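For reference, the structure is listed below as structure tokens.
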Amino acid sequence: MLAIFKKEIHQFFSTVTGYVAIILFLLANGLFLFVFPETSLLDTGYANLDPLFNLAPLIYLLLIPAITMRSFADEFKTGTMELLSTKPVSSWEIVMGKFWSSLLIVIISLAPTLVYYIAVRSLSVDVQTLDNGGIAGSYIGLVLLGATFTAIGIWSSSLTANAMIGFLIALFTCFILYNGFDALSKIPAFTGGIDYYLQMAGIKFHYTSISRGVIDTRDIIYFISVIGLMLYLTKLSLQRRLWQKG
């Protein structure tokens with residue numbers, strides 16, 4: 001698994017695509033947080049990073065599928081997946097090696113946003129007004145959200161040998177799981193009935209809950225369950241495709 005992990009990291013950063021993806025993520029956040037007047041922290045008058053944590057999930061919808069779309073698709077396209085399957089490595093180790101390497105890249109892209117916290121803290125008249133608990137909770141939520149989107153992206157890539165199709169499947173699935181259930185709960189027919197349970201089925205409900213600074217075990221269990229399910233489905237998909245090739 002470690003060899004696969006290192007290979008994926010090296011492959012991502014050996015091309016300009018990896019750097020461009022991370023730079024665009026940081027550039028988009030920087031523009032919305034400090035340049036565009038509608039969302040600029042400098043114009044709100046409040047020392048908080050709420051715009052970052054509201055915007056980052058939407059950017060993740062594009063960034064993470066772009067990171068994961070080649071994980072398995074290129075392996076099947078070039079035929080190296082069959083070669084990899086002959087090595088003394090299990091399907092779980094292959095899946096986990098791909099998952100952890102992609103998640104590390106997501107975390108690397110998130111780490112520079114700590115500069116925004118330092119900037120807001122430096123510009124704040126009173127640092128005591130900063131909701132450090134909420135900010136810490138939001139960062140934990142972003143890591144869990146990133147891990148969930150990564151697991152979905154890995155699964156999507158295992159379904160096809162076309163990286164672009166894998167990207168589109170991941171984008172659609174991430175959007176539905178993040179925002180679809182919340183939108184569905186607002187349909188008048190569900191209001192006052194199962195709307196709350198529909199919201200709980202979506203990722204956005206649990207991400208918002210953690211972003212308040214309160215780490216609820218139910219939210220943690222939800223994210224871990226979704227991640228575990230998607231990785232299990234990836235393993236099944238991988239085994240099915242290898243069996244068909246065999």
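Residue numbers start at 1 in each chain; chains themselves are named A, B, ... in the order of the structure tokens; ligands are numbered from 1 in the order shown.
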Taking the chain letters and numbering used in this document, name the residues of segment 2-243 of chain A that DSSP puts in helix (DSSP H, G or I), as an MDAnalysis selection string.
chainID A and resid 2:13 16:34 41:44 50:68 73:78 80:85 91:123 127:129 132:157 163:185 188:190 195:201 203:211 217:243
Listing only residues of segment 100-148 of chain A within 9 Å of segment 51-54 of chain A, what is the closest atom pair and its distance in Å (to one decimal) for each, using only C-alpha atoms, sorted by chain and residue number ascending, as a tab-separated table?
residue	atom	partner	partner_atom	distance
A:Thr113	CA	A:Leu52	CA	8.7
A:Tyr116	CA	A:Leu52	CA	8.8
A:Ile135	CA	A:Phe53	CA	8.7
A:Ser138	CA	A:Phe53	CA	6.6
A:Tyr139	CA	A:Phe53	CA	8.0
A:Leu142	CA	A:Phe53	CA	7.6
A:Val20, A:Ile107, A:Ala73, A:Leu233: which is nearest Gly146 of chain A, counting only C-alpha atoms?
A:Ile107
What separation in Å, quoted to one decimal, exists between atom CA of Leu49 of chain A and atom CA of Leu130 of chain A?
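Atom CA of Leu49 of chain A sits 9.1 Å away from atom CA of Leu130 of chain A.
The gap separating atom CA of Phe205 of chain A from atom CA of Ser40 of chain A is 25.0 Å, in Å to one decimal.
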What gap, in Å, lies between atom CA of Leu33 of chain A and atom CA of Gly134 of chain A?
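The value is 17.7 Å.
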If we count only C-alpha atoms and set the cut-off at 8 Å, which residues sit around Lys77 of chain A, ignoring sequence neighbours fewer than 3 positions away in its own chain? Please answer as a ChimeraX atom specification.
/A:73-74,80,161-162
Could you save those same residues with C-alpha atoms as a PDB file, in the first residue's frame?
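File result10.pdb, as written:
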ATOM      1  CA  ALA A  73      -9.363   5.170 -14.959  1.00  0.00           C
ATOM      2  CA  ASP A  74      -5.812   5.597 -16.249  1.00  0.00           C
ATOM      3  CA  THR A  80      -1.342  -1.360 -15.718  1.00  0.00           C
ATOM      4  CA  ALA A 161     -11.473   3.741 -18.141  1.00  0.00           C
ATOM      5  CA  ASN A 162     -12.346   7.300 -19.212  1.00  0.00           C
TER       6      ASN A 162
END
